[in-house]
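Engineer: My structure is stored as run19.cif, with mmCIF, C-alpha atoms.
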```
data_coords
loop_
_atom_site.group_PDB
_atom_site.id
_atom_site.type_symbol
_atom_site.label_atom_id
_atom_site.label_comp_id
_atom_site.auth_asym_id
_atom_site.auth_seq_id
_atom_site.Cartn_x
_atom_site.Cartn_y
_atom_site.Cartn_z
ATOM 1 C CA MET A 20 0.000 0.000 0.000
ATOM 2 C CA PHE A 21 1.369 3.427 -0.876
ATOM 3 C CA LEU A 22 0.163 6.998 -0.605
ATOM 4 C CA ILE A 23 -0.824 9.301 -3.448
ATOM 5 C CA ASN A 24 -0.816 13.046 -2.993
ATOM 6 C CA CYS A 25 -4.131 14.174 -4.520
ATOM 7 C CA PRO A 26 -3.685 17.751 -5.822
ATOM 8 C CA TYR A 27 -7.004 18.681 -4.200
ATOM 9 C CA CYS A 28 -7.333 16.647 -0.971
ATOM 10 C CA GLY A 29 -3.732 15.847 -0.060
ATOM 11 C CA GLU A 30 -2.191 12.527 0.886
ATOM 12 C CA ARG A 31 -4.478 9.500 0.773
ATOM 13 C CA GLU A 32 -3.972 5.777 0.385
ATOM 14 C CA GLN A 33 -3.828 4.309 -3.096
ATOM 15 C CA ALA A 34 -6.999 2.201 -2.614
ATOM 16 C CA GLU A 35 -9.046 5.407 -2.901
ATOM 17 C CA PHE A 36 -7.822 6.045 -6.437
ATOM 18 C CA SER A 37 -8.353 4.394 -9.788
ATOM 19 C CA CYS A 38 -6.016 4.624 -12.749
ATOM 20 C CA GLY A 39 -7.427 5.841 -16.048
ATOM 21 C CA GLY A 40 -4.514 4.804 -18.230
ATOM 22 C CA GLU A 41 -1.964 6.805 -20.155
ATOM 23 C CA ALA A 42 -2.330 10.606 -20.091
ATOM 24 C CA HIS A 43 -1.935 13.268 -22.785
ATOM 25 C CA ILE A 44 -3.470 11.297 -25.640
ATOM 26 C CA ALA A 45 -5.210 13.854 -27.836
ATOM 27 C CA ARG A 46 -8.235 12.829 -29.885
ATOM 28 C CA PRO A 47 -7.478 13.301 -33.594
ATOM 29 C CA LYS A 48 -9.126 16.421 -35.017
ATOM 30 C CA ASN A 49 -10.482 14.758 -38.172
ATOM 31 C CA PRO A 50 -11.321 11.111 -37.423
ATOM 32 C CA PRO A 51 -12.970 10.451 -40.842
ATOM 33 C CA GLU A 52 -9.695 11.290 -42.569
ATOM 34 C CA LEU A 53 -7.700 8.721 -40.622
ATOM 35 C CA SER A 54 -6.840 5.290 -41.870
ATOM 36 C CA ASP A 55 -7.925 2.259 -39.874
ATOM 37 C CA ASP A 56 -4.364 1.820 -38.646
ATOM 38 C CA GLN A 57 -4.117 5.420 -37.436
ATOM 39 C CA TRP A 58 -7.504 5.174 -35.698
ATOM 40 C CA ALA A 59 -6.541 1.865 -34.103
ATOM 41 C CA GLU A 60 -3.306 3.401 -32.873
ATOM 42 C CA TYR A 61 -5.225 6.257 -31.219
ATOM 43 C CA LEU A 62 -7.760 3.909 -29.671
ATOM 44 C CA PHE A 63 -5.725 0.937 -28.568
ATOM 45 C CA LEU A 64 -1.963 1.353 -28.728
ATOM 46 C CA ARG A 65 -0.233 2.608 -25.614
ATOM 47 C CA LYS A 66 3.341 3.052 -24.435
ATOM 48 C CA ASN A 67 4.716 0.416 -22.125
ATOM 49 C CA GLU A 68 7.818 2.103 -20.902
ATOM 50 C CA LYS A 69 10.261 1.222 -18.223
ATOM 51 C CA GLY A 70 10.830 4.638 -16.636
ATOM 52 C CA VAL A 71 8.692 7.782 -16.542
ATOM 53 C CA HIS A 72 5.069 7.115 -17.443
ATOM 54 C CA TYR A 73 2.410 9.832 -17.496
ATOM 55 C CA GLU A 74 -0.969 8.575 -16.264
ATOM 56 C CA ARG A 75 -4.467 9.816 -15.526
ATOM 57 C CA TRP A 76 -5.842 9.030 -12.071
ATOM 58 C CA ASN A 77 -9.200 9.623 -10.426
ATOM 59 C CA HIS A 78 -9.667 10.207 -6.694
ATOM 60 C CA GLU A 79 -12.730 8.008 -6.719
ATOM 61 C CA TYR A 80 -13.422 7.848 -2.978
ATOM 62 C CA GLY A 81 -12.362 11.426 -2.201
ATOM 63 C CA CYS A 82 -12.999 14.547 -4.239
ATOM 64 C CA ARG A 83 -13.850 12.498 -7.383
ATOM 65 C CA GLN A 84 -11.526 14.671 -9.482
ATOM 66 C CA TRP A 85 -9.250 13.550 -12.320
ATOM 67 C CA PHE A 86 -5.592 14.523 -12.294
ATOM 68 C CA ASN A 87 -2.304 13.508 -13.911
ATOM 69 C CA LEU A 88 0.580 11.697 -12.356
ATOM 70 C CA ALA A 89 4.118 10.885 -13.522
ATOM 71 C CA ARG A 90 5.312 7.520 -12.213
ATOM 72 C CA ASN A 91 8.536 5.594 -12.560
ATOM 73 C CA THR A 92 7.288 2.199 -13.695
ATOM 74 C CA ALA A 93 10.581 0.564 -12.719
ATOM 75 C CA THR A 94 10.360 1.560 -9.044
ATOM 76 C CA ASP A 95 6.698 2.639 -8.645
ATOM 77 C CA GLU A 96 7.938 5.983 -7.364
ATOM 78 C CA ILE A 97 5.514 8.844 -7.961
ATOM 79 C CA LEU A 98 7.616 11.631 -9.448
ATOM 80 C CA LYS A 99 5.046 14.366 -9.905
ATOM 81 C CA VAL A 100 1.311 14.978 -9.468
ATOM 82 C CA TYR A 101 -0.316 17.747 -11.479
ATOM 83 C CA LYS A 102 -3.781 18.926 -12.419
ATOM 84 C CA MET A 103 -5.633 18.249 -15.664
ATOM 85 C CA GLY A 104 -4.787 20.753 -18.363
ATOM 86 C CA GLU A 105 -1.244 21.327 -17.117
ATOM 87 C CA ALA A 106 1.659 20.459 -19.397
ATOM 88 C CA PRO A 107 3.531 17.241 -18.578
ATOM 89 C CA PRO A 108 6.794 17.951 -16.751
ATOM 90 C CA LYS A 109 10.037 16.777 -18.328
ATOM 91 C CA LEU A 110 11.390 14.262 -15.870
ATOM 92 C CA LYS A 111 14.152 11.745 -15.629
ATOM 93 C CA ALA A 112 13.791 8.557 -13.673
ATOM 94 C CA ASN A 113 16.272 6.270 -12.047
ATOM 95 C CA ILE A 114 15.895 2.957 -13.845
ATOM 96 C CA PRO A 115 17.626 0.118 -12.035
ATOM 97 C CA ALA A 116 19.155 -2.537 -14.236
ATOM 98 C CA THR A 117 17.587 -5.970 -14.080
ATOM 99 C CA PRO A 118 19.449 -9.289 -14.339
ATOM 100 C CA SER A 119 17.550 -10.165 -17.489
ATOM 101 C CA GLY A 120 18.630 -6.900 -19.116
ATOM 102 C CA GLU A 121 15.142 -6.081 -20.284
ATOM 103 C CA PRO A 122 14.795 -3.101 -22.648
ATOM 104 C CA SER A 123 13.520 0.270 -21.418
ATOM 105 C CA ILE A 124 10.555 -0.090 -23.718
ATOM 106 C CA GLY A 125 8.353 -3.178 -23.511
ATOM 107 C CA SER A 126 9.085 -5.512 -26.396
ATOM 108 C CA GLY A 127 5.477 -6.692 -26.584
ATOM 109 C CA ASN A 128 4.028 -3.394 -27.747
ATOM 110 C CA LEU A 129 4.938 -2.230 -31.235
ATOM 111 C CA SER A 130 3.645 1.305 -30.665
ATOM 112 C CA THR A 131 6.307 1.905 -28.051
ATOM 113 C CA SER A 132 8.989 1.900 -30.700
ATOM 114 C CA LYS A 133 7.616 5.251 -31.875
ATOM 115 C CA LYS A 134 8.979 8.492 -30.553
ATOM 116 C CA ASP A 135 7.381 10.405 -27.700
ATOM 117 C CA ARG A 136 4.023 11.871 -28.613
ATOM 118 C CA PHE A 137 4.731 15.230 -27.017
ATOM 119 C CA MET B 22 -45.325 12.147 3.019
ATOM 120 C CA SER B 23 -42.169 12.197 5.107
ATOM 121 C CA LEU B 24 -40.494 8.958 6.122
ATOM 122 C CA ALA B 25 -39.713 8.261 9.757
ATOM 123 C CA PHE B 26 -36.197 6.906 10.167
ATOM 124 C CA ASN B 27 -34.797 5.646 13.444
ATOM 125 C CA ASN B 28 -31.144 5.405 14.329
ATOM 126 C CA VAL B 29 -29.455 2.263 13.062
ATOM 127 C CA LEU B 30 -27.723 1.147 16.240
ATOM 128 C CA ASN B 31 -30.193 2.289 18.854
ATOM 129 C CA LEU B 32 -27.527 2.541 21.564
ATOM 130 C CA ASN B 33 -26.617 5.075 24.200
ATOM 131 C CA LYS B 34 -23.252 6.828 24.399
ATOM 132 C CA LYS B 35 -20.774 4.250 25.646
ATOM 133 C CA ASN B 36 -17.083 4.336 26.585
ATOM 134 C CA TYR B 37 -14.736 1.725 25.121
ATOM 135 C CA ASN B 38 -11.270 1.988 26.715
ATOM 136 C CA GLY B 39 -11.044 5.748 26.333
ATOM 137 C CA VAL B 40 -13.137 6.198 23.188
ATOM 138 C CA THR B 41 -16.833 6.997 23.464
ATOM 139 C CA ILE B 42 -19.074 6.079 20.563
ATOM 140 C CA GLU B 43 -22.602 7.279 19.957
ATOM 141 C CA GLU B 44 -24.877 7.549 16.980
ATOM 142 C CA LEU B 45 -26.257 11.036 16.477
ATOM 143 C CA SER B 46 -29.951 11.538 15.870
ATOM 144 C CA LEU B 47 -31.095 12.089 12.311
ATOM 145 C CA SER B 48 -30.083 15.373 10.703
ATOM 146 C CA GLY B 49 -30.712 16.874 7.280
ATOM 147 C CA LYS B 50 -27.963 16.198 4.748
ATOM 148 C CA ILE B 51 -28.056 17.959 1.412
ATOM 149 C CA ASN B 52 -25.548 17.310 -1.341
ATOM 150 C CA ILE B 53 -24.927 20.307 -3.608
ATOM 151 C CA ARG B 54 -23.122 20.212 -6.938
ATOM 152 C CA GLY B 55 -22.279 23.201 -9.055
ATOM 153 C CA LYS B 56 -19.264 24.958 -10.453
ATOM 154 C CA SER B 57 -17.276 26.989 -7.942
ATOM 155 C CA SER B 58 -16.123 29.120 -10.882
ATOM 156 C CA ASP B 59 -19.761 30.124 -11.542
ATOM 157 C CA LYS B 60 -20.087 33.463 -9.726
ATOM 158 C CA GLU B 61 -23.878 33.520 -9.915
ATOM 159 C CA PHE B 62 -24.104 30.062 -8.341
ATOM 160 C CA MET B 63 -21.753 30.986 -5.505
ATOM 161 C CA LYS B 64 -23.589 34.260 -4.875
ATOM 162 C CA ASN B 65 -27.041 32.641 -4.856
ATOM 163 C CA ILE B 66 -25.947 29.872 -2.490
ATOM 164 C CA GLY B 67 -24.415 32.477 -0.204
ATOM 165 C CA SER B 68 -27.620 34.470 -0.043
ATOM 166 C CA ALA B 69 -29.795 31.374 0.476
ATOM 167 C CA LEU B 70 -27.728 29.800 3.264
ATOM 168 C CA ASN B 71 -26.132 32.902 4.731
ATOM 169 C CA LEU B 72 -22.798 31.143 4.363
ATOM 170 C CA VAL B 73 -20.208 31.196 1.610
ATOM 171 C CA LEU B 74 -19.376 27.789 0.152
ATOM 172 C CA PRO B 75 -15.825 26.808 1.139
ATOM 173 C CA ILE B 76 -13.430 26.643 -1.798
ATOM 174 C CA GLU B 77 -10.423 25.595 0.245
ATOM 175 C CA PRO B 78 -10.042 21.777 0.350
ATOM 176 C CA ASN B 79 -10.892 19.677 3.427
ATOM 177 C CA VAL B 80 -12.663 22.528 5.172
ATOM 178 C CA ARG B 81 -16.030 23.043 6.791
ATOM 179 C CA ILE B 82 -17.754 26.260 7.723
ATOM 180 C CA PHE B 83 -20.696 26.662 10.034
ATOM 181 C CA ASN B 84 -23.049 28.994 11.790
ATOM 182 C CA ASN B 85 -25.441 28.043 14.577
ATOM 183 C CA ASN B 86 -27.621 25.670 12.602
ATOM 184 C CA ILE B 87 -25.894 24.835 9.360
ATOM 185 C CA SER B 88 -22.555 23.251 8.501
ATOM 186 C CA ILE B 89 -21.161 23.153 4.982
ATOM 187 C CA MET B 90 -18.422 20.642 4.169
ATOM 188 C CA TRP B 91 -16.098 20.749 1.173
ATOM 189 C CA LEU B 92 -16.294 17.421 -0.676
ATOM 190 C CA GLY B 93 -14.582 18.476 -3.889
ATOM 191 C CA PRO B 94 -13.969 21.575 -6.013
ATOM 192 C CA ASN B 95 -17.561 21.372 -7.263
ATOM 193 C CA GLU B 96 -19.339 19.451 -4.514
ATOM 194 C CA TRP B 97 -20.449 20.247 -0.945
ATOM 195 C CA LEU B 98 -22.465 18.648 1.845
ATOM 196 C CA VAL B 99 -24.822 20.773 3.906
ATOM 197 C CA ILE B 100 -25.851 19.526 7.353
ATOM 198 C CA THR B 101 -29.027 21.045 8.766
ATOM 199 C CA PRO B 102 -31.407 20.322 11.654
ATOM 200 C CA GLU B 103 -33.893 17.687 10.496
ATOM 201 C CA ASN B 104 -36.912 19.990 10.883
ATOM 202 C CA GLU B 105 -35.325 22.722 8.734
ATOM 203 C CA LYS B 106 -34.135 20.502 5.897
ATOM 204 C CA ASP B 107 -37.236 20.610 3.671
ATOM 205 C CA GLY B 108 -37.405 24.404 3.897
ATOM 206 C CA ILE B 109 -33.745 24.762 2.961
ATOM 207 C CA ILE B 110 -34.086 22.380 0.005
ATOM 208 C CA SER B 111 -37.091 24.330 -1.302
ATOM 209 C CA LEU B 112 -35.211 27.582 -0.846
ATOM 210 C CA LEU B 113 -32.151 26.249 -2.689
ATOM 211 C CA LYS B 114 -34.244 24.848 -5.529
ATOM 212 C CA SER B 115 -36.084 28.127 -5.975
ATOM 213 C CA THR B 116 -32.842 30.149 -5.860
ATOM 214 C CA LEU B 117 -30.478 28.105 -8.003
ATOM 215 C CA ASN B 118 -30.478 27.435 -11.724
ATOM 216 C CA PRO B 119 -31.547 23.754 -12.048
ATOM 217 C CA GLN B 120 -29.629 23.355 -15.300
ATOM 218 C CA LYS B 121 -26.323 24.194 -13.654
ATOM 219 C CA THR B 122 -26.736 22.676 -10.208
ATOM 220 C CA ALA B 123 -27.811 19.458 -8.518
ATOM 221 C CA ILE B 124 -29.404 19.415 -5.078
ATOM 222 C CA THR B 125 -29.876 15.968 -3.573
ATOM 223 C CA ASP B 126 -31.359 15.034 -0.237
ATOM 224 C CA VAL B 127 -29.095 12.294 1.166
ATOM 225 C CA SER B 128 -30.389 12.455 4.752
ATOM 226 C CA PHE B 129 -31.825 8.945 4.849
ATOM 227 C CA ASN B 130 -28.843 7.399 3.133
ATOM 228 C CA ARG B 131 -26.324 8.181 5.849
ATOM 229 C CA THR B 132 -25.883 8.277 9.571
ATOM 230 C CA ILE B 133 -23.292 9.840 11.859
ATOM 231 C CA LEU B 134 -21.208 8.128 14.547
ATOM 232 C CA ARG B 135 -19.567 10.504 17.014
ATOM 233 C CA LEU B 136 -16.214 9.336 18.392
ATOM 234 C CA GLU B 137 -14.745 11.174 21.368
ATOM 235 C CA GLY B 138 -11.730 10.724 23.608
ATOM 236 C CA GLU B 139 -7.974 11.017 23.675
ATOM 237 C CA LYS B 140 -7.438 7.718 21.881
ATOM 238 C CA VAL B 141 -9.691 8.311 18.886
ATOM 239 C CA PHE B 142 -6.810 8.695 16.432
ATOM 240 C CA THR B 143 -4.977 5.720 17.946
ATOM 241 C CA LEU B 144 -8.071 3.616 17.344
ATOM 242 C CA LEU B 145 -8.565 4.884 13.797
ATOM 243 C CA SER B 146 -4.897 4.407 12.907
ATOM 244 C CA LYS B 147 -5.420 0.653 13.277
ATOM 245 C CA PHE B 148 -7.539 0.739 10.139
ATOM 246 C CA LEU B 149 -6.007 3.584 8.125
ATOM 247 C CA VAL B 150 -2.806 4.114 6.164
ATOM 248 C CA ALA B 151 -3.112 7.914 5.749
ATOM 249 C CA ASN B 152 -2.323 9.979 8.842
ATOM 250 C CA LEU B 153 -5.739 11.356 9.773
ATOM 251 C CA GLU B 154 -4.382 13.238 12.764
ATOM 252 C CA LYS B 155 -2.361 15.398 10.397
ATOM 253 C CA ILE B 156 -5.279 15.946 8.018
ATOM 254 C CA LEU B 157 -7.889 16.656 10.707
ATOM 255 C CA LYS B 158 -5.841 19.148 12.677
ATOM 256 C CA THR B 159 -8.411 21.863 13.373
ATOM 257 C CA ASN B 160 -12.113 22.081 14.039
ATOM 258 C CA PHE B 161 -12.662 23.315 10.503
ATOM 259 C CA SER B 162 -11.342 20.198 8.806
ATOM 260 C CA VAL B 163 -13.045 17.317 7.008
ATOM 261 C CA ALA B 164 -11.646 14.338 5.109
ATOM 262 C CA GLN B 165 -13.255 11.928 2.723
ATOM 263 C CA THR B 166 -11.509 8.606 2.649
ATOM 264 C CA ILE B 167 -11.917 4.848 2.640
ATOM 265 C CA PHE B 168 -12.231 3.305 6.058
ATOM 266 C CA ILE B 169 -12.116 -0.507 6.165
ATOM 267 C CA LYS B 170 -13.156 -0.495 2.486
ATOM 268 C CA ILE B 171 -16.118 1.819 3.126
ATOM 269 C CA PRO B 172 -16.344 5.374 1.739
ATOM 270 C CA VAL B 173 -16.720 7.712 4.713
ATOM 271 C CA LEU B 174 -16.452 11.361 5.659
ATOM 272 C CA PHE B 175 -14.600 12.385 8.828
ATOM 273 C CA VAL B 176 -15.422 15.730 10.401
ATOM 274 C CA ARG B 177 -13.400 17.268 13.219
ATOM 275 C CA ASN B 178 -15.530 18.947 15.886
ATOM 276 C CA ASN B 179 -12.903 20.600 18.027
ATOM 277 C CA ASN B 180 -9.376 21.965 18.159
ATOM 278 C CA ASP B 181 -6.195 19.999 18.618
ATOM 279 C CA GLU B 182 -5.590 21.088 22.194
ATOM 280 C CA GLU B 183 -8.859 19.566 23.338
ATOM 281 C CA SER B 184 -9.749 15.902 23.666
ATOM 282 C CA THR B 185 -10.583 14.680 20.157
ATOM 283 C CA SER B 186 -14.141 14.696 18.883
ATOM 284 C CA LEU B 187 -14.828 13.345 15.396
ATOM 285 C CA ASP B 188 -17.985 12.711 13.434
ATOM 286 C CA LEU B 189 -17.910 9.733 11.100
ATOM 287 C CA HIS B 190 -20.461 10.032 8.271
ATOM 288 C CA LEU B 191 -21.214 6.694 6.629
ATOM 289 C CA ASN B 192 -23.920 4.735 4.854
ATOM 290 C CA ARG B 193 -26.616 3.345 7.126
ATOM 291 C CA SER B 194 -26.118 -0.157 5.777
ATOM 292 C CA HIS B 195 -22.456 -0.184 6.891
ATOM 293 C CA THR B 196 -22.993 1.287 10.335
ATOM 294 C CA LYS B 197 -23.257 -1.925 12.370
ATOM 295 C CA TYR B 198 -20.179 -3.389 10.683
ATOM 296 C CA VAL B 199 -18.089 -0.268 11.347
ATOM 297 C CA TYR B 200 -19.339 0.040 14.902
ATOM 298 C CA GLU B 201 -18.468 -3.584 15.722
ATOM 299 C CA LEU B 202 -15.000 -3.209 14.229
ATOM 300 C CA LEU B 203 -14.388 -0.031 16.232
ATOM 301 C CA VAL B 204 -15.486 -1.745 19.440
ATOM 302 C CA ASP B 205 -13.294 -4.733 18.622
ATOM 303 C CA GLY B 206 -10.323 -2.459 17.817
ATOM 304 C CA SER B 207 -10.739 -0.579 21.102
ATOM 305 C CA LYS B 208 -10.237 -3.727 23.200
ATOM 306 C CA ASN B 209 -6.457 -3.438 23.380
ATOM 307 C CA LEU B 210 -6.189 0.363 23.475
ATOM 308 C CA ASN B 211 -5.058 0.295 27.105
ATOM 309 C CA ILE B 212 -2.266 -2.215 26.540
#
```
Take the structure I supplied and represent it as structure tokens, if you would.
Structural biologist:
Amino acid sequence: MFLINCPYCGEREQAEFSCGGEAHIARPKNPPELSDDQWAEYLFLRKNEKGVHYERWNHEYGCRQWFNLARNTATDEILKVYKMGEAPPKLKANIPATPSGEPSIGSGNLSTSKKDRF
Amino acid sequence: MSLAFNNVLNLNKKNYNGVTIEELSLSGKINIRGKSSDKEFMKNIGSALNLVLPIEPNVRIFNNNISIMWLGPNEWLVITPENEKDGIISLLKSTLNPQKTAITDVSFNRTILRLEGEKVFTLLSKFLVANLEKILKTNFSVAQTIFIKIPVLFVRNNNDEESTSLDLHLNRSHTKYVYELLVDGSKNLNI
């Protein structure tokens, strides 16, 4: 169990929150003009990084507000919490090496080979 | 037709190793939703209740009869005497724009357990990860959280220098379960 610092209520336990997946994914402006592959990428493909991951979270059992959170997926450390609409902070995370030498980007997700979206 | 609701536990104030627990009699509880950025909404609420809605998080404000608790940036809970509730709801509904606000009577959905004594926070810390003592420092503070997997609202009734008094707002259906766990948890408070 770890604590999350809600930008509205303050520190609460993680069980009060629910994760809404990757943050900062903008809906395409002209969906009819997109190919099926482009639309599928927007809908389904997500990063699976080892390191800083920007996520949306909801304080479900508190103020019921959505906010963004930057988390180091290698250590589960919460690096930054910020409100919706704010720009994602540029952060670096400490990524400990693993004995298996796994890559910093998950090999199972093809979309992660693409460059950062912002 | 108004419904007659009794208390859930039907028990008198009782001391359990330094923590007294009692269920308060029914009060009016009105949930208000609206945008705090809407000046007209904030002004109309202020004139109807004679209190300004708190914008600061985890805060409650009160006058003699009415308490208003901050639940979120756009949500508040108003506690009124039971006999004044219907009048206040009618007043709010006639004052506020129904397309931009929601006023819900949640009086019969919830009950309030009052916990008093020096060991209240010690007892609660057995079930909580977050440090409630830090959050509920003054008599103006409230905190929504999960308590033994149940969504609850804690309200501080007094200042830090006094013996602690907390109100625990919770669903009626969970009251017996929470009460029994609190009594069970209080058994080794003196050890």
Engineer: Counting only C-alpha atoms, which residues of chain B sit at most 12 Å from some atom of chain A, and what is each one's closest atom pair with its distance in Å to one decimal, listed by chain and rising residue number, as a tab-separated table?
Structural biologist:
```
residue	atom	partner	partner_atom	distance
B:Arg54	CA	A:Cys82	CA	11.9
B:Ile76	CA	A:Tyr27	CA	10.5
B:Glu77	CA	A:Tyr27	CA	8.9
B:Pro78	CA	A:Cys28	CA	5.9
B:Asn79	CA	A:Cys28	CA	6.4
B:Val80	CA	A:Cys28	CA	10.0
B:Met90	CA	A:Cys82	CA	11.7
B:Trp91	CA	A:Cys82	CA	8.8
B:Leu92	CA	A:Cys82	CA	5.6
B:Gly93	CA	A:Cys82	CA	4.3
B:Pro94	CA	A:Cys82	CA	7.3
B:Asn95	CA	A:Cys82	CA	8.7
B:Glu96	CA	A:Cys82	CA	8.0
B:Trp97	CA	A:Cys82	CA	9.9
B:Leu98	CA	A:Cys82	CA	12.0
B:Phe148	CA	A:Glu32	CA	11.5
B:Leu149	CA	A:Glu32	CA	8.3
B:Val150	CA	A:Glu32	CA	6.1
B:Ala151	CA	A:Arg31	CA	5.4
B:Asn152	CA	A:Glu30	CA	8.4
B:Leu153	CA	A:Arg31	CA	9.3
B:Lys155	CA	A:Glu30	CA	9.9
B:Ile156	CA	A:Gly29	CA	8.2
B:Leu157	CA	A:Gly29	CA	11.6
B:Ser162	CA	A:Cys28	CA	11.1
B:Val163	CA	A:Cys28	CA	9.8
B:Ala164	CA	A:Cys28	CA	7.8
B:Gln165	CA	A:Gly81	CA	5.0
B:Thr166	CA	A:Gly81	CA	5.7
B:Ile167	CA	A:Glu35	CA	6.3
B:Phe168	CA	A:Glu35	CA	9.7
B:Ile169	CA	A:Ala34	CA	10.5
B:Lys170	CA	A:Ala34	CA	8.4
B:Ile171	CA	A:Tyr80	CA	9.0
B:Pro172	CA	A:Tyr80	CA	6.1
B:Val173	CA	A:Tyr80	CA	8.4
B:Leu174	CA	A:Gly81	CA	8.9
B:Phe175	CA	A:Gly81	CA	11.3
```
Engineer: Give me the residues near Trp58 of chain A as a list in words, where near means some atom within 10 Å (using all atoms listed in the file) and where sequence neighbours in that chain fewer than 6 positions away do not count.
Structural biologist: Arg46, Pro47, Pro50, Pro51, Glu52 and Leu64 of chain A
Engineer: Near Gly104 of chain A, counting all atoms listed in the file, which residues have an atom at most 10 Å away, once you skip same-chain residues fewer than 2 positions from it, shown as a PyMOL selection string?
Structural biologist: chain A and resi 43+86-87+101-102+106-107
Engineer: So which residues are close to (-35.4, 22.4, 1.5), meaning at most 12 Å away in the file's coordinates with only C-alpha atoms counted, and can you show them as a VMD selection string?
Structural biologist: chain B and resid 49 to 53 69 to 70 99 to 116 124 to 128
Engineer: Which residues of segment 27-134 of chain B come within 8 Å of segment 186-200 of chain B, and for each one, what is the closest pair of atoms and their distance in Å to one decimal, counting all atoms listed in the file, sorted by chain and residue number, as JSON lines?
Structural biologist:
```
{"residue": "B:Val29", "atom": "CA", "partner": "B:Arg193", "partner_atom": "CA", "distance": 6.7}
{"residue": "B:Leu30", "atom": "CA", "partner": "B:Lys197", "partner_atom": "CA", "distance": 6.7}
{"residue": "B:Phe129", "atom": "CA", "partner": "B:Arg193", "partner_atom": "CA", "distance": 8.0}
{"residue": "B:Asn130", "atom": "CA", "partner": "B:Asn192", "partner_atom": "CA", "distance": 5.9}
{"residue": "B:Arg131", "atom": "CA", "partner": "B:Asn192", "partner_atom": "CA", "distance": 4.3}
{"residue": "B:Thr132", "atom": "CA", "partner": "B:Arg193", "partner_atom": "CA", "distance": 5.6}
{"residue": "B:Ile133", "atom": "CA", "partner": "B:His190", "partner_atom": "CA", "distance": 4.6}
{"residue": "B:Leu134", "atom": "CA", "partner": "B:Leu189", "partner_atom": "CA", "distance": 5.0}
```
Engineer: Between B:Glu183, B:Glu154, B:Glu137, B:Asp205, which residue has the minimum interatomic distance to Lys35 of chain B, considering all atoms listed in the file?
Structural biologist: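 Using all atoms listed in the file, the shortest distance to Lys35 of chain B belongs to B:Glu137.
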Engineer: In Å, how far is it from atom CA of Ala42 of chain A to atom CA of Asp59 of chain B?
Structural biologist: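 These two atoms are separated by 27.5 Å.
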Engineer: Restricting the calculation to all atoms listed in the file, which member of B:Ser184, B:Pro119, B:Leu144, B:Ser58 is positioned closest to Leu202 of chain B?
Structural biologist: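 The shortest atom-to-atom distance to Leu202 of chain B comes from B:Leu144.
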Engineer: When you draw a straight line from atom CA of Lys111 of chain A to atom CA of Gln57 of chain A, how long is it in Å?
Structural biologist: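 We find that atom CA of Lys111 of chain A and atom CA of Gln57 of chain A lie 29.1 Å from each other.
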